[in-house]
Amino acid sequence: MGYNIKSELKLSIKSVPESQKDIIVQLMQFYLYDFTAYLRIDVTEKGTFPAYPDLYQYWTSGEQKLPFLIWRQDIPVGFALVDRMSNNREADYYMAEFFVLRPYRHNGVGTWAAHELFGRFAGRWKVTQMSTNRPAQSFWRKVIDRYTNGEYREQTHPVRGNISQFFNT
């Protein structure tokens with residue numbers, strides 16, 4: 001296919017400086033709303049979802065936690081939180097959170113952004129989805145299968161039932 005999603009939609013993915021962390025804080029509200037389909041998450045008395053636990057560490061941990069925004073021109077359309085897993089036998093990198101706003105789903109934005117991140121960080125990756133989040137499982141299987149040409153393994157957590165994919169970049 002000659003279609004180039006990045007140039008067509010003018011996409012970019014950029015590391016988030018602390019001065020822009022409020023963008024992720026705001027987008028996290030939509031992310032948490034989406035998760036109410038799979039988890040019981042109540043809003044606070046102010047009508048907002050609770051703060052994402054330890055989000056501040058993405059700006060205070062040096063290079064251990066890496067925050068990214070997905071942009072369409074000058075509009076943020078999603079984010080990714082990547083953890084560098086030092087001294088971990090399973091993986092070097094963990095896709096802690098990944099989110100694309102609904103209007104930008106199902107047209108290649110998420111696939112492009114995930115592949116872009118995989119390409120930036122060479123090593124062993126782990127991506128996990130909740131056992132009940134079938135759409136996420138389907139998305140990640142397709143994305144990782146395409147990126148690795150089917151060279152990945154999948155594992156189910158013995159207690160929680162969450163699904164994880166493991167692969168090398």
# chains A, B, ... in the order shown; residues from 1 in each chain; ligands from 1

$ residues_around --residues "Thr132 (chain A)" --least-positions-apart "5" --cutoff "12 Å" --atoms "only C-alpha atoms" --output "number ranges by chain"
A: 35-39, 137-138, 160-163

$ closest_atom_pairs --of "region 133-161 of chain A" --to "region 120-124 of chain A" --cutoff "12 Å" --atoms "only C-alpha atoms" --output "JSON lines"
{"residue": "A:Thr148", "atom": "CA", "partner": "A:Arg124", "partner_atom": "CA", "distance": 11.8}
{"residue": "A:Tyr152", "atom": "CA", "partner": "A:Arg124", "partner_atom": "CA", "distance": 10.3}
{"residue": "A:Arg153", "atom": "CA", "partner": "A:Arg124", "partner_atom": "CA", "distance": 11.6}

$ residues_around --residues "Arg102 (chain A)" --least-positions-apart "4" --cutoff "10 Å" --atoms "only C-alpha atoms" --output "list in words"
Phe30, Tyr31, Asp34, Val77, Gly78 and His106 of chain A

$ write_last_selection --atoms "C-alpha atoms" --output "PDB file, in the first residue's frame"
ATOM      1  CA  PHE A  30     -10.498   9.946  28.765  1.00  0.00           C
ATOM      2  CA  TYR A  31      -8.263   6.899  29.201  1.00  0.00           C
ATOM      3  CA  ASP A  34     -12.564   4.058  28.628  1.00  0.00           C
ATOM      4  CA  VAL A  77      -4.333  12.701  20.115  1.00  0.00           C
ATOM      5  CA  GLY A  78      -2.857  10.164  22.522  1.00  0.00           C
ATOM      6  CA  HIS A 106      -9.032   2.345  13.537  1.00  0.00           C
TER       7      HIS A 106
END

$ closest_residue --among "A:Asp145, A:Glu45, A:Asp22, A:Glu154" --to "Gln129 (chain A)" --atoms "only C-alpha atoms"
A:Glu154

$ select_by_dssp --residues "region 60-130 of chain A" --states "helix (DSSP H, G or I)" --output "MDAnalysis selection string"
chainID A and resid 102:104 109:120

$ write_last_selection --atoms "N, CA, C and O atoms" --output "PDB file, in the first residue's frame"
ATOM      1  N   ARG A 102     -10.593   8.294  20.717  1.00  0.00           N
ATOM      2  CA  ARG A 102     -11.503   7.539  19.850  1.00  0.00           C
ATOM      3  C   ARG A 102     -11.565   8.018  18.390  1.00  0.00           C
ATOM      4  O   ARG A 102     -11.563   7.197  17.493  1.00  0.00           O
ATOM      5  N   PRO A 103     -11.639   9.322  18.127  1.00  0.00           N
ATOM      6  CA  PRO A 103     -11.734   9.728  16.718  1.00  0.00           C
ATOM      7  C   PRO A 103     -10.512   9.352  15.873  1.00  0.00           C
ATOM      8  O   PRO A 103     -10.582   9.380  14.649  1.00  0.00           O
ATOM      9  N   TYR A 104      -9.409   8.976  16.528  1.00  0.00           N
ATOM     10  CA  TYR A 104      -8.177   8.657  15.807  1.00  0.00           C
ATOM     11  C   TYR A 104      -7.866   7.167  15.812  1.00  0.00           C
ATOM     12  O   TYR A 104      -6.801   6.741  15.371  1.00  0.00           O
ATOM     13  N   VAL A 109      -3.301   5.154  13.427  1.00  0.00           N
ATOM     14  CA  VAL A 109      -2.559   6.056  14.317  1.00  0.00           C
ATOM     15  C   VAL A 109      -1.885   5.260  15.437  1.00  0.00           C
ATOM     16  O   VAL A 109      -0.695   5.420  15.706  1.00  0.00           O
ATOM     17  N   GLY A 110      -2.639   4.394  16.113  1.00  0.00           N
ATOM     18  CA  GLY A 110      -2.077   3.604  17.202  1.00  0.00           C
ATOM     19  C   GLY A 110      -0.984   2.665  16.737  1.00  0.00           C
ATOM     20  O   GLY A 110       0.066   2.538  17.386  1.00  0.00           O
ATOM     21  N   THR A 111      -1.213   2.009  15.614  1.00  0.00           N
ATOM     22  CA  THR A 111      -0.197   1.105  15.062  1.00  0.00           C
ATOM     23  C   THR A 111       1.071   1.879  14.739  1.00  0.00           C
ATOM     24  O   THR A 111       2.176   1.459  15.097  1.00  0.00           O
ATOM     25  N   TRP A 112       0.917   3.018  14.078  1.00  0.00           N
ATOM     26  CA  TRP A 112       2.087   3.830  13.736  1.00  0.00           C
ATOM     27  C   TRP A 112       2.844   4.240  14.994  1.00  0.00           C
ATOM     28  O   TRP A 112       4.073   4.105  15.069  1.00  0.00           O
ATOM     29  N   ALA A 113       2.133   4.724  16.017  1.00  0.00           N
ATOM     30  CA  ALA A 113       2.780   5.204  17.239  1.00  0.00           C
ATOM     31  C   ALA A 113       3.498   4.063  17.970  1.00  0.00           C
ATOM     32  O   ALA A 113       4.626   4.228  18.435  1.00  0.00           O
ATOM     33  N   ALA A 114       2.857   2.907  18.079  1.00  0.00           N
ATOM     34  CA  ALA A 114       3.486   1.765  18.747  1.00  0.00           C
ATOM     35  C   ALA A 114       4.740   1.334  18.007  1.00  0.00           C
ATOM     36  O   ALA A 114       5.798   1.131  18.614  1.00  0.00           O
ATOM     37  N   HIS A 115       4.649   1.211  16.695  1.00  0.00           N
ATOM     38  CA  HIS A 115       5.814   0.812  15.902  1.00  0.00           C
ATOM     39  C   HIS A 115       6.937   1.836  16.029  1.00  0.00           C
ATOM     40  O   HIS A 115       8.118   1.473  16.095  1.00  0.00           O
ATOM     41  N   GLU A 116       6.575   3.094  16.075  1.00  0.00           N
ATOM     42  CA  GLU A 116       7.573   4.161  16.238  1.00  0.00           C
ATOM     43  C   GLU A 116       8.314   3.996  17.570  1.00  0.00           C
ATOM     44  O   GLU A 116       9.538   4.106  17.628  1.00  0.00           O
ATOM     45  N   LEU A 117       7.586   3.731  18.642  1.00  0.00           N
ATOM     46  CA  LEU A 117       8.224   3.536  19.946  1.00  0.00           C
ATOM     47  C   LEU A 117       9.077   2.273  19.966  1.00  0.00           C
ATOM     48  O   LEU A 117      10.193   2.287  20.496  1.00  0.00           O
ATOM     49  N   PHE A 118       8.568   1.180  19.410  1.00  0.00           N
ATOM     50  CA  PHE A 118       9.362  -0.049  19.363  1.00  0.00           C
ATOM     51  C   PHE A 118      10.681   0.192  18.640  1.00  0.00           C
ATOM     52  O   PHE A 118      11.723  -0.307  19.052  1.00  0.00           O
ATOM     53  N   GLY A 119      10.630   0.971  17.571  1.00  0.00           N
ATOM     54  CA  GLY A 119      11.833   1.262  16.803  1.00  0.00           C
ATOM     55  C   GLY A 119      12.820   2.156  17.537  1.00  0.00           C
ATOM     56  O   GLY A 119      14.028   2.093  17.289  1.00  0.00           O
ATOM     57  N   ARG A 120      12.341   2.989  18.421  1.00  0.00           N
ATOM     58  CA  ARG A 120      13.229   3.900  19.159  1.00  0.00           C
ATOM     59  C   ARG A 120      14.004   3.203  20.268  1.00  0.00           C
ATOM     60  O   ARG A 120      15.054   3.682  20.683  1.00  0.00           O
TER      61      ARG A 120
END

$ residues_around --residues "region 71-73 of chain A" --least-positions-apart "4" --cutoff "7 Å" --atoms "only C-alpha atoms" --output "list in words"
Leu9, Lys10, Leu11, Ser12, Ile13 and Val77 of chain A

$ select_by_dssp --residues "region 16-129 of chain A" --states "strand (DSSP E or B)" --output "compact mmCIF listing (two decimals) with all heavy atoms, in the first residue's frame"
# COMPACT_ATOMS: atom_id res chain seq x y z
N LYS A 65 11.43 6.03 33.40
CA LYS A 65 10.04 6.13 32.97
C LYS A 65 9.97 7.21 31.90
O LYS A 65 10.43 8.33 32.11
CB LYS A 65 9.13 6.44 34.15
CG LYS A 65 9.09 5.29 35.16
CD LYS A 65 8.10 5.57 36.27
CE LYS A 65 7.92 4.37 37.16
NZ LYS A 65 7.08 3.32 36.57
N LEU A 66 9.39 6.85 30.76
CA LEU A 66 9.45 7.71 29.58
C LEU A 66 8.04 8.07 29.10
O LEU A 66 7.31 7.21 28.62
CB LEU A 66 10.22 6.99 28.48
CG LEU A 66 11.59 6.44 28.90
CD1 LEU A 66 12.12 5.45 27.88
CD2 LEU A 66 12.57 7.58 29.10
N PRO A 67 7.63 9.34 29.23
CA PRO A 67 6.30 9.76 28.77
C PRO A 67 6.36 10.32 27.35
O PRO A 67 7.28 11.06 26.98
CB PRO A 67 5.94 10.87 29.76
CG PRO A 67 7.27 11.50 30.10
CD PRO A 67 8.29 10.39 30.03
N PHE A 68 5.36 9.96 26.55
CA PHE A 68 5.28 10.43 25.17
C PHE A 68 3.87 10.91 24.85
O PHE A 68 2.89 10.36 25.36
CB PHE A 68 5.63 9.30 24.19
CG PHE A 68 7.04 8.84 24.30
CD1 PHE A 68 7.37 7.79 25.14
CD2 PHE A 68 8.05 9.47 23.59
CE1 PHE A 68 8.68 7.37 25.28
CE2 PHE A 68 9.37 9.05 23.72
CZ PHE A 68 9.68 8.00 24.56
N LEU A 69 3.80 11.91 23.98
CA LEU A 69 2.52 12.34 23.43
C LEU A 69 2.52 12.04 21.94
O LEU A 69 3.53 12.21 21.25
CB LEU A 69 2.30 13.84 23.63
CG LEU A 69 1.79 14.25 25.01
CD1 LEU A 69 1.86 15.76 25.18
CD2 LEU A 69 0.37 13.75 25.25
N ILE A 70 1.36 11.59 21.46
CA ILE A 70 1.14 11.37 20.04
C ILE A 70 0.41 12.61 19.53
O ILE A 70 -0.62 13.00 20.08
CB ILE A 70 0.28 10.11 19.81
CG1 ILE A 70 0.92 8.89 20.48
CG2 ILE A 70 0.05 9.87 18.31
CD1 ILE A 70 -0.03 7.71 20.68
N TRP A 71 0.98 13.23 18.52
CA TRP A 71 0.44 14.49 17.99
C TRP A 71 -0.05 14.31 16.57
O TRP A 71 0.55 13.60 15.78
CB TRP A 71 1.54 15.56 17.98
CG TRP A 71 2.04 15.95 19.32
CD1 TRP A 71 3.05 15.35 20.02
CD2 TRP A 71 1.57 17.02 20.13
NE1 TRP A 71 3.23 15.99 21.22
CE2 TRP A 71 2.34 17.03 21.31
CE3 TRP A 71 0.58 17.98 19.97
CZ2 TRP A 71 2.15 17.95 22.32
CZ3 TRP A 71 0.39 18.91 20.98
CH2 TRP A 71 1.17 18.89 22.14
N ARG A 72 -1.14 14.98 16.25
CA ARG A 72 -1.57 15.18 14.87
C ARG A 72 -1.46 16.67 14.63
O ARG A 72 -2.22 17.45 15.21
CB ARG A 72 -3.01 14.73 14.64
CG ARG A 72 -3.42 14.99 13.21
CD ARG A 72 -4.80 14.44 12.92
NE ARG A 72 -5.10 14.69 11.53
CZ ARG A 72 -6.15 15.38 11.11
NH1 ARG A 72 -7.03 15.83 11.97
NH2 ARG A 72 -6.33 15.59 9.83
N ILE A 75 -2.08 19.05 17.66
CA ILE A 75 -3.12 18.60 18.57
C ILE A 75 -2.71 17.25 19.16
O ILE A 75 -2.41 16.31 18.42
CB ILE A 75 -4.46 18.45 17.82
CG1 ILE A 75 -4.78 19.76 17.16
CG2 ILE A 75 -5.53 17.88 18.73
CD1 ILE A 75 -6.17 20.16 17.06
N PRO A 76 -2.71 17.13 20.51
CA PRO A 76 -2.40 15.84 21.10
C PRO A 76 -3.57 14.87 20.92
O PRO A 76 -4.71 15.22 21.22
CB PRO A 76 -2.17 16.17 22.58
CG PRO A 76 -2.98 17.40 22.82
CD PRO A 76 -2.98 18.16 21.52
N VAL A 77 -3.27 13.68 20.38
CA VAL A 77 -4.33 12.70 20.12
C VAL A 77 -4.13 11.41 20.89
O VAL A 77 -4.91 10.47 20.75
CB VAL A 77 -4.48 12.42 18.61
CG1 VAL A 77 -4.87 13.69 17.86
CG2 VAL A 77 -3.22 11.81 18.03
N GLY A 78 -3.08 11.36 21.73
CA GLY A 78 -2.86 10.16 22.52
C GLY A 78 -1.56 10.26 23.31
O GLY A 78 -0.84 11.27 23.22
N PHE A 79 -1.29 9.23 24.08
CA PHE A 79 -0.06 9.20 24.85
C PHE A 79 0.42 7.77 25.04
O PHE A 79 -0.34 6.81 24.84
CB PHE A 79 -0.23 9.88 26.22
CG PHE A 79 -1.18 9.19 27.15
CD1 PHE A 79 -0.77 8.13 27.95
CD2 PHE A 79 -2.50 9.62 27.24
CE1 PHE A 79 -1.66 7.51 28.82
CE2 PHE A 79 -3.39 9.00 28.11
CZ PHE A 79 -2.97 7.94 28.89
N ALA A 80 1.67 7.64 25.42
CA ALA A 80 2.25 6.35 25.79
C ALA A 80 3.16 6.58 26.99
O ALA A 80 3.87 7.58 27.05
CB ALA A 80 3.04 5.76 24.63
N LEU A 81 3.10 5.66 27.93
CA LEU A 81 4.00 5.65 29.08
C LEU A 81 4.82 4.38 28.99
O LEU A 81 4.27 3.27 29.04
CB LEU A 81 3.22 5.71 30.39
CG LEU A 81 2.28 6.91 30.57
CD1 LEU A 81 1.54 6.80 31.90
CD2 LEU A 81 3.05 8.22 30.48
N VAL A 82 6.13 4.54 28.82
CA VAL A 82 7.03 3.40 28.66
C VAL A 82 7.95 3.34 29.87
O VAL A 82 8.53 4.36 30.27
CB VAL A 82 7.87 3.55 27.36
CG1 VAL A 82 8.88 2.42 27.24
CG2 VAL A 82 6.97 3.61 26.14
N ASP A 83 8.07 2.14 30.44
CA ASP A 83 8.97 1.93 31.57
C ASP A 83 10.21 1.19 31.10
O ASP A 83 10.09 0.18 30.40
CB ASP A 83 8.29 1.11 32.67
CG ASP A 83 7.14 1.84 33.34
OD1 ASP A 83 6.95 3.05 33.07
OD2 ASP A 83 6.43 1.21 34.14
N ARG A 84 11.35 1.70 31.49
CA ARG A 84 12.61 1.00 31.24
C ARG A 84 12.80 0.03 32.42
O ARG A 84 12.82 0.45 33.56
CB ARG A 84 13.77 1.99 31.16
CG ARG A 84 15.05 1.35 30.74
CD ARG A 84 16.09 2.39 30.42
NE ARG A 84 15.86 2.81 29.04
CZ ARG A 84 16.19 4.01 28.57
NH1 ARG A 84 16.75 4.89 29.33
NH2 ARG A 84 15.97 4.32 27.32
N TYR A 93 11.88 -3.16 28.21
CA TYR A 93 10.89 -2.09 28.12
C TYR A 93 9.49 -2.66 28.32
O TYR A 93 9.19 -3.77 27.87
CB TYR A 93 10.96 -1.40 26.75
CG TYR A 93 12.29 -0.75 26.50
CD1 TYR A 93 13.27 -1.40 25.77
CD2 TYR A 93 12.58 0.50 27.05
CE1 TYR A 93 14.50 -0.81 25.57
CE2 TYR A 93 13.81 1.08 26.85
CZ TYR A 93 14.77 0.42 26.12
OH TYR A 93 15.99 0.99 25.93
N TYR A 94 8.68 -1.86 28.99
CA TYR A 94 7.30 -2.26 29.27
C TYR A 94 6.38 -1.12 28.85
O TYR A 94 6.58 0.03 29.27
CB TYR A 94 7.13 -2.56 30.76
CG TYR A 94 5.72 -2.92 31.16
CD1 TYR A 94 5.12 -4.06 30.67
CD2 TYR A 94 5.01 -2.12 32.03
CE1 TYR A 94 3.82 -4.41 31.04
CE2 TYR A 94 3.72 -2.45 32.41
CZ TYR A 94 3.13 -3.59 31.91
OH TYR A 94 1.86 -3.92 32.27
N MET A 95 5.40 -1.44 28.02
CA MET A 95 4.41 -0.44 27.61
C MET A 95 3.41 -0.34 28.76
O MET A 95 2.45 -1.11 28.85
CB MET A 95 3.72 -0.86 26.32
CG MET A 95 2.78 0.19 25.77
SD MET A 95 3.61 1.63 25.09
CE MET A 95 4.27 0.96 23.56
N ALA A 96 3.66 0.60 29.68
CA ALA A 96 2.83 0.72 30.89
C ALA A 96 1.42 1.17 30.55
O ALA A 96 0.45 0.63 31.07
CB ALA A 96 3.49 1.67 31.88
N GLU A 97 1.31 2.18 29.70
CA GLU A 97 0.00 2.69 29.28
C GLU A 97 0.11 3.17 27.84
O GLU A 97 1.16 3.66 27.42
CB GLU A 97 -0.47 3.85 30.16
CG GLU A 97 -0.45 3.58 31.66
CD GLU A 97 -1.39 2.50 32.15
OE1 GLU A 97 -2.30 2.09 31.39
OE2 GLU A 97 -1.22 2.05 33.28
N PHE A 98 -1.00 3.04 27.11
CA PHE A 98 -1.03 3.47 25.71
C PHE A 98 -2.46 3.87 25.40
O PHE A 98 -3.39 3.11 25.69
CB PHE A 98 -0.60 2.31 24.81
CG PHE A 98 -0.44 2.69 23.37
CD1 PHE A 98 0.77 3.18 22.90
CD2 PHE A 98 -1.49 2.53 22.48
CE1 PHE A 98 0.92 3.50 21.56
CE2 PHE A 98 -1.36 2.87 21.15
CZ PHE A 98 -0.14 3.36 20.69
N PHE A 99 -2.63 5.05 24.83
CA PHE A 99 -3.98 5.57 24.60
C PHE A 99 -4.03 6.43 23.36
O PHE A 99 -3.15 7.26 23.13
CB PHE A 99 -4.42 6.40 25.81
CG PHE A 99 -5.75 7.07 25.64
CD1 PHE A 99 -6.93 6.34 25.64
CD2 PHE A 99 -5.83 8.44 25.49
CE1 PHE A 99 -8.16 6.95 25.49
CE2 PHE A 99 -7.06 9.07 25.34
CZ PHE A 99 -8.23 8.33 25.34
N VAL A 100 -5.08 6.22 22.57
CA VAL A 100 -5.37 7.06 21.40
C VAL A 100 -6.83 7.47 21.52
O VAL A 100 -7.71 6.63 21.79
CB VAL A 100 -5.12 6.30 20.08
CG1 VAL A 100 -5.56 7.13 18.88
CG2 VAL A 100 -3.65 5.91 19.95
N ARG A 124 14.23 -6.04 24.50
CA ARG A 124 13.14 -6.96 24.80
C ARG A 124 11.95 -6.17 25.36
O ARG A 124 12.11 -5.42 26.31
CB ARG A 124 13.60 -8.01 25.82
CG ARG A 124 14.78 -8.84 25.34
CD ARG A 124 15.40 -9.66 26.47
NE ARG A 124 15.83 -8.76 27.54
CZ ARG A 124 15.70 -9.00 28.84
NH1 ARG A 124 15.17 -10.13 29.27
NH2 ARG A 124 16.10 -8.13 29.74
N TRP A 125 10.79 -6.38 24.76
CA TRP A 125 9.58 -5.65 25.14
C TRP A 125 8.54 -6.57 25.76
O TRP A 125 8.44 -7.74 25.41
CB TRP A 125 8.96 -5.00 23.90
CG TRP A 125 9.56 -3.70 23.52
CD1 TRP A 125 10.72 -3.52 22.80
CD2 TRP A 125 9.06 -2.41 23.82
NE1 TRP A 125 10.94 -2.18 22.64
CE2 TRP A 125 9.94 -1.47 23.26
CE3 TRP A 125 7.94 -1.95 24.52
CZ2 TRP A 125 9.74 -0.09 23.37
CZ3 TRP A 125 7.73 -0.58 24.62
CH2 TRP A 125 8.63 0.32 24.05
N LYS A 126 7.73 -5.96 26.65
CA LYS A 126 6.55 -6.62 27.21
C LYS A 126 5.38 -5.65 27.11
O LYS A 126 5.51 -4.48 27.46
CB LYS A 126 6.80 -6.98 28.68
CG LYS A 126 5.60 -7.62 29.37
CD LYS A 126 5.90 -7.92 30.84
CE LYS A 126 4.70 -8.52 31.54
NZ LYS A 126 4.98 -8.77 32.98
N VAL A 127 4.26 -6.16 26.63
CA VAL A 127 3.03 -5.38 26.54
C VAL A 127 1.93 -6.24 27.18
O VAL A 127 1.81 -7.41 26.85
CB VAL A 127 2.67 -5.04 25.08
CG1 VAL A 127 1.38 -4.25 25.01
CG2 VAL A 127 3.80 -4.28 24.40
N THR A 128 1.14 -5.66 28.09
CA THR A 128 0.13 -6.43 28.82
C THR A 128 -1.25 -5.80 28.66
O THR A 128 -1.38 -4.58 28.63
CB THR A 128 0.50 -6.49 30.33
OG1 THR A 128 1.77 -7.11 30.45
CG2 THR A 128 -0.54 -7.27 31.13
N GLN A 129 -2.26 -6.66 28.58
CA GLN A 129 -3.65 -6.21 28.54
C GLN A 129 -4.45 -6.95 29.60
O GLN A 129 -4.16 -8.10 29.92
CB GLN A 129 -4.31 -6.50 27.18
CG GLN A 129 -3.54 -6.00 25.98
CD GLN A 129 -2.52 -7.00 25.50
OE1 GLN A 129 -2.84 -8.16 25.27
NE2 GLN A 129 -1.28 -6.58 25.34

$ residues_around --residues "Pro50 (chain A)" --least-positions-apart "5" --cutoff "12 Å" --atoms "only C-alpha atoms" --output "mmCIF file with C-alpha atoms, in the first residue's frame"
data_model
loop_
_atom_site.group_PDB
_atom_site.id
_atom_site.type_symbol
_atom_site.label_atom_id
_atom_site.label_comp_id
_atom_site.auth_asym_id
_atom_site.auth_seq_id
_atom_site.Cartn_x
_atom_site.Cartn_y
_atom_site.Cartn_z
ATOM 1 C CA VAL A 25 -3.104 14.444 33.001
ATOM 2 C CA GLN A 26 -6.064 15.706 30.933
ATOM 3 C CA MET A 28 -5.730 10.405 31.264
ATOM 4 C CA GLN A 29 -9.328 11.345 32.138
ATOM 5 C CA PHE A 30 -10.498 9.946 28.765
ATOM 6 C CA TYR A 31 -8.263 6.899 29.201
ATOM 7 C CA LEU A 32 -9.729 6.150 32.624
ATOM 8 C CA TYR A 33 -13.240 6.693 31.292
ATOM 9 C CA ILE A 41 -13.523 3.385 38.633
ATOM 10 C CA ASP A 42 -15.699 6.027 40.257
ATOM 11 C CA VAL A 43 -15.277 9.748 39.769
ATOM 12 C CA THR A 44 -14.363 11.992 42.663
ATOM 13 C CA GLU A 45 -16.740 14.500 44.274
ATOM 14 C CA LEU A 55 2.337 9.741 37.274
#

$ atom_distance --atom1 "CA of Arg141 (chain A)" --atom2 "CA of Ser164 (chain A)"
9.7 Å
